[in-house]
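Asks: One structure, as structure tokens, below. Some questions next.
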Amino acid sequence: MAAAAAGAGGAARVSAGRDLSCVPEVAGALSAVARQGFDFLCLPLFHPRHRREFREEPARSRPGPQTRSDLLLSGRDWNTLIVGKLSPWIRPDSPLEHVRRNSEAALTQELGFGAYLGLPAVLLPLRQRHSPNLARLLCTHLHGAHHSAMVWVRVPLLAPEDEREELVGNEEPARGGDETTWGWWHDFRTLCDYNKRVGVALEVGADLPSSAAIDRWLGEPVKAALLPTAVFLTNKKGFPVLSRAHQRLLCRLLKLEVQVVLTGAPRHGGKPLGSYLQYLEHLGQHRPPPSAYELFARGYEDYLQSPLQPLMDNLESQTYEVFEKDPIKYSQYQQAIYRCLLDRVPEEEKESNVQVVMVLGAGRGPLVTAALRASRQAGRGVRIYAVEKNPNAVVTLQSWQYEEWGAQVTVVAEDMRGWSPPEGADLIVSELLGSFGDNELSPECLQGAQRCLKEGGVSIPRSYTSFLAPISSSKLYTEVRGCRERDRDPEAQFEMPYVVRLHNYHQLAAPQPCFTFHHPTPEAANDNSRYCLLAFRVEGNAVLHGFAGYFETALYGDITLSIRPETHSPGMFSWFPIFFPIKQPLPIKAGEEVTVAFWRCSTPKKVWYEWAVTGPAPSALHNPGGRSYTIGL
């Protein structure tokens with residue numbers, strides 16, 4: 001199928017398909033929908049009313065082809081432009097044995113024929129919560145053949161019994177059924193063991209569930225949205241439009257690159273199907289433009305990365321270059337240094353009082369440049385030491401010192417923890433923070449270098465706090481499960497954190513503070529081990545797949561940096577969140593409390609995290625003793 005292509009202004013065009021319930025002539029139908037502007041066609045693999053008999057004679061031996069030939073289209077067209085629909089009469093979970101057995105054979109036949117055609121996807125309707133036989137047959141098909149077709153499980157947003165009926169007087173509609181069909185899907189995908197090739201095709205009706213119920217779907221692998229022409233309203237000029245609620249829903253789904261499938265006949269005063277498509281294109285093009293953060297993260301959505309270990313590994317030049325492009329971080333650092341210099345040096349002492357600034361972990365020098373700019377802005381003198389252990393980055397620092405900075409900057413090619421400075425520092429500046437605040441060992445590094453600081457000296461940052469929030473994300477769970485390595489424990493991939501641009505996820509509760517570190521630290525507080533027990537109340541039924549980690553830091557005074565969603569520094573993209581997975585997805589009921597125990601453990605040689613869910617049901621302890629993941633000192 002045609003993927004969404006980039007349009008003007010960076011907006012993606014809407015990838016739209018046309019659903020037809022009966023197609024007498026497939027090549028002509030495909031040409032017609034292509035002329036109307038659609039990208040693909042959804043059609044039945046077998047005639048919807050052709051109920052094949054697989055057990056009873058003589059119907060079992062009926063002569064002739066069961067369906068149309070694959071020769072009607074080229075292989076390329078079958079592979080890219082057709083989505084197959086399974087027959088609506090198939091009921092593999094029927095209580096009637098004859099219906100069940102016949103449906104089993106028909107489903108196997110249709111799935112096999114779809115694989116033979118090389119279709120990119122097939123639509124499979126899910127009509128009830130109890131569908132174990134359907135799941136068994138689908139899993140048998142997925143595991144038993146060498147093909148890559150997706151299965152789009154067709155699920156209504158609201159169950160038929162929960163839709164709004166004609167109301168009496170001012171009677172309010174019941175909203176107890178918001179979660180019914182999500183429960184169908186959750187049970188079905190659990191039976192399918194979270195197979196990556198099983199996605200959701202959401203059937204959108206005239207009535208919509210609550211916003212919280214829609215949020216829950218955003219953590220699921222939604223691949224398509226089936227949009228009937230009947231849900232469109234008519235504007236003053238007679239053209240089809242969607243209600244505000246449907247517009248908001250569609251825009252949220254389009255962020256997940258969902259493909260839209262238009263169903264039903266034209267209903268708006270003889271307007272052609274192209275007018276519906278034009279409206280969908282209009283919605284797609286008038287979405288809010290992506291932020292600087294979204295532009296930077298494009299292509300990295302839900303892509304798992306191992307956290308950096310800059311203390312143990314020497315970073316590459318390209319890694320430094322990416323972080324140096326952040327327009328917000330260094331301007332905030334410059335403002336913090338500027339404010340600190342003004343506070344420490346009175347106006348009458350600005351000619352004589354030269355502040356000693358030590359940039360610890362200078363990298364390629366962006367903080368040194370920020371300190372020099374802050375010095376000029378404040379009109380205060382500084383003497384700077386740029387301390388860096390990476391011998392490759394030191395070459396860059398020495399080049400800067402020779403060509404730009406001059407004698408005002410001294411480059412020190414040593415580990416900050418073992419360096420003996422010639423004088424004490426009035427101010428130490430560092431950017432040693434990771435996505436979880438302390439996960440790149442900023443506490444250990446700064447405590448090791450704290451002896452460089454004069455009595456009453458200042459550290460920028462002065463403190464930082466990590467945060468945790470429970471999340472649901474089928475996508476992240478399957479991605480983590482796919483990271484298994486041959487020479488490691490089969491579940492080791494669930495015992496390590498991942499830096500990831502969270503995209504296809506649902507946050508179950510607001511983040512809560514986890515660990516806080518202050519600098520400089522009192523001499524008695526050198527133990528960086530931490531433990532906390534957090535409790536999150538979940539409002540609706542959901543499934544827990546892990547925890548998202550964020551941080552906030554106070555640089556100086558009220559100058560801060562944050563990647564916590566509620567307080568995210570606008571335009572800053574240096575850090576993606578961190579994700580701590582759990583081995584087994586945990587179903588949560590509305591009103592239940594998720595409690596998690598979280599540890600930061602340390603020895604003289606390494607640091608690691610351990611975590612375990614303790615309620616509503618306990619999980620295994622993850623990463624005990626740092627067996628799967630540690631951060632080297």
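Labeling convention for the structure tokens: chains A, B, ... as they appear, residues from 1 per chain, ligands from 1 in order of appearance.
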Quick one: residues within 8 Å of stretch 231-248 of chain A, only C-alpha atoms, excluding same-chain residues fewer than 2 positions away - as number ranges by chain?
Replies: A: 205-206, 208, 227-229, 250-252, 268-269, 271, 275-276, 279, 283
Asks: Determine which residues of stretch 363-577 of chain A receive a DSSP assignment of strand (DSSP E), computed from the backbone, and state them as a VMD selection string.
Replies: chain A and resid 382 to 387 409 to 412 425 to 430 453 to 460 463 to 472 498 to 499 506 to 507 512 to 518 530 to 537 542 to 556 559 to 562
Asks: For the residues selected in the previous step, produce a file with C-alpha atoms as a short mmCIF file (atom, residue, chain, number, x, y, z; two decimals), in the first residue's frame.
Replies:
```cif
data_model
loop_
_atom_site.label_atom_id
_atom_site.label_comp_id
_atom_site.auth_asym_id
_atom_site.auth_seq_id
_atom_site.Cartn_x
_atom_site.Cartn_y
_atom_site.Cartn_z
CA VAL A 382 36.52 34.62 34.32
CA ARG A 383 39.33 32.12 34.13
CA ILE A 384 38.15 28.82 32.67
CA TYR A 385 39.44 25.27 32.97
CA ALA A 386 37.98 22.88 30.37
CA VAL A 387 38.37 19.36 31.81
CA VAL A 409 40.88 28.98 28.82
CA THR A 410 43.10 26.13 30.01
CA VAL A 411 42.42 22.70 28.50
CA VAL A 412 42.92 19.78 30.92
CA ALA A 425 36.81 26.86 41.56
CA ASP A 426 34.16 29.48 42.28
CA LEU A 427 31.84 27.75 39.84
CA ILE A 428 31.76 24.26 38.34
CA VAL A 429 29.61 23.71 35.25
CA SER A 430 28.69 20.31 33.83
CA LEU A 453 35.24 23.67 44.51
CA LYS A 454 36.03 26.49 46.95
CA GLU A 455 34.11 26.82 50.18
CA GLY A 456 30.84 28.48 49.21
CA GLY A 457 31.35 27.64 45.54
CA VAL A 458 28.46 26.97 43.18
CA SER A 459 27.57 24.02 40.97
CA ILE A 460 25.54 24.36 37.78
CA SER A 463 20.05 19.73 41.63
CA TYR A 464 18.13 17.27 39.46
CA THR A 465 15.19 14.94 40.02
CA SER A 466 14.14 11.85 38.09
CA PHE A 467 10.46 11.02 37.46
CA LEU A 468 8.57 7.81 36.65
CA ALA A 469 5.18 7.26 35.03
CA PRO A 470 3.39 3.98 34.18
CA ILE A 471 2.69 3.56 30.46
CA SER A 472 0.93 1.19 28.12
CA TYR A 498 16.09 2.11 26.73
CA VAL A 499 16.24 5.69 25.53
CA HIS A 506 -0.65 5.78 26.54
CA GLN A 507 0.44 7.25 29.87
CA GLN A 512 5.96 11.22 40.14
CA PRO A 513 9.40 12.23 41.50
CA CYS A 514 11.80 9.36 42.08
CA PHE A 515 15.41 10.33 43.04
CA THR A 516 16.86 13.78 43.74
CA PHE A 517 20.54 14.78 43.90
CA HIS A 518 21.98 18.12 45.07
CA ARG A 530 18.54 5.21 46.50
CA TYR A 531 15.19 3.47 46.99
CA CYS A 532 11.63 4.66 46.50
CA LEU A 533 8.14 3.16 46.41
CA LEU A 534 5.70 4.99 44.14
CA ALA A 535 1.93 4.51 43.85
CA PHE A 536 -0.12 5.57 40.79
CA ARG A 537 -3.92 5.45 40.64
CA ALA A 542 -5.53 -0.67 30.90
CA VAL A 543 -2.48 -2.89 30.58
CA LEU A 544 0.91 -1.93 32.03
CA HIS A 545 3.98 -2.51 29.85
CA GLY A 546 6.59 -0.52 31.77
CA PHE A 547 7.56 2.90 33.06
CA ALA A 548 8.63 6.07 31.30
CA GLY A 549 11.45 8.00 32.95
CA TYR A 550 12.05 11.76 32.78
CA PHE A 551 14.07 14.37 34.66
CA GLU A 552 14.03 18.02 35.72
CA THR A 553 17.10 20.01 36.69
CA ALA A 554 17.53 23.35 38.45
CA LEU A 555 20.60 24.98 36.90
CA TYR A 556 20.75 28.14 39.00
CA ILE A 559 16.53 28.62 35.58
CA THR A 560 15.58 25.03 34.78
CA LEU A 561 15.65 22.35 32.10
CA SER A 562 13.03 19.61 31.91
#
```
Asks: Mind checking DSSP for stretch 77-201 of chain A and telling me the helix (DSSP H, G or I) residues as a ChimeraX atom specification?
Replies: /A:77-81,97-117,132-143,160-162,180-191
Asks: Excluding same-chain residues fewer than 5 positions from stretch 97-103 of chain A, what lies within 10 Å of it counting only C-alpha atoms, as a compact mmCIF listing (two decimals) with C-alpha atoms, in the first residue's frame?
Replies:
```txt
# COMPACT_ATOMS: atom_id res chain seq x y z
CA ARG A 51 -20.75 -20.04 1.85
CA ARG A 52 -18.46 -22.92 1.01
CA GLU A 53 -19.18 -26.35 2.43
CA PHE A 54 -16.14 -28.36 3.53
CA ARG A 55 -17.78 -31.42 5.13
CA GLU A 56 -21.11 -32.37 3.54
CA SER A 87 -16.03 -13.44 4.59
CA TRP A 89 -20.25 -15.43 7.73
CA ILE A 90 -17.14 -17.10 9.18
CA ARG A 91 -17.72 -17.94 12.89
CA PRO A 92 -14.85 -20.12 14.20
CA THR A 108 -7.77 -21.28 6.76
CA GLN A 109 -8.63 -21.27 3.05
CA ASN A 133 -10.46 -20.39 18.27
CA LEU A 134 -10.12 -17.43 15.92
```
Asks: Kindly provide the residues of stretch 301-359 of chain A that approach stretch 577-593 of chain A to within 10 Å, each paired with its closest atom pair and their distance in Å to one decimal, based on only C-alpha atoms, listed by chain and increasing number, as a Markdown table.
Replies:
```
| residue | atom | partner | partner_atom | distance |
| --- | --- | --- | --- | --- |
| A:Leu304 | CA | A:Phe579 | CA | 8.8 |
| A:Gln305 | CA | A:Ile578 | CA | 9.2 |
| A:Ser306 | CA | A:Ile578 | CA | 9.5 |
| A:Pro307 | CA | A:Ile578 | CA | 8.2 |
```
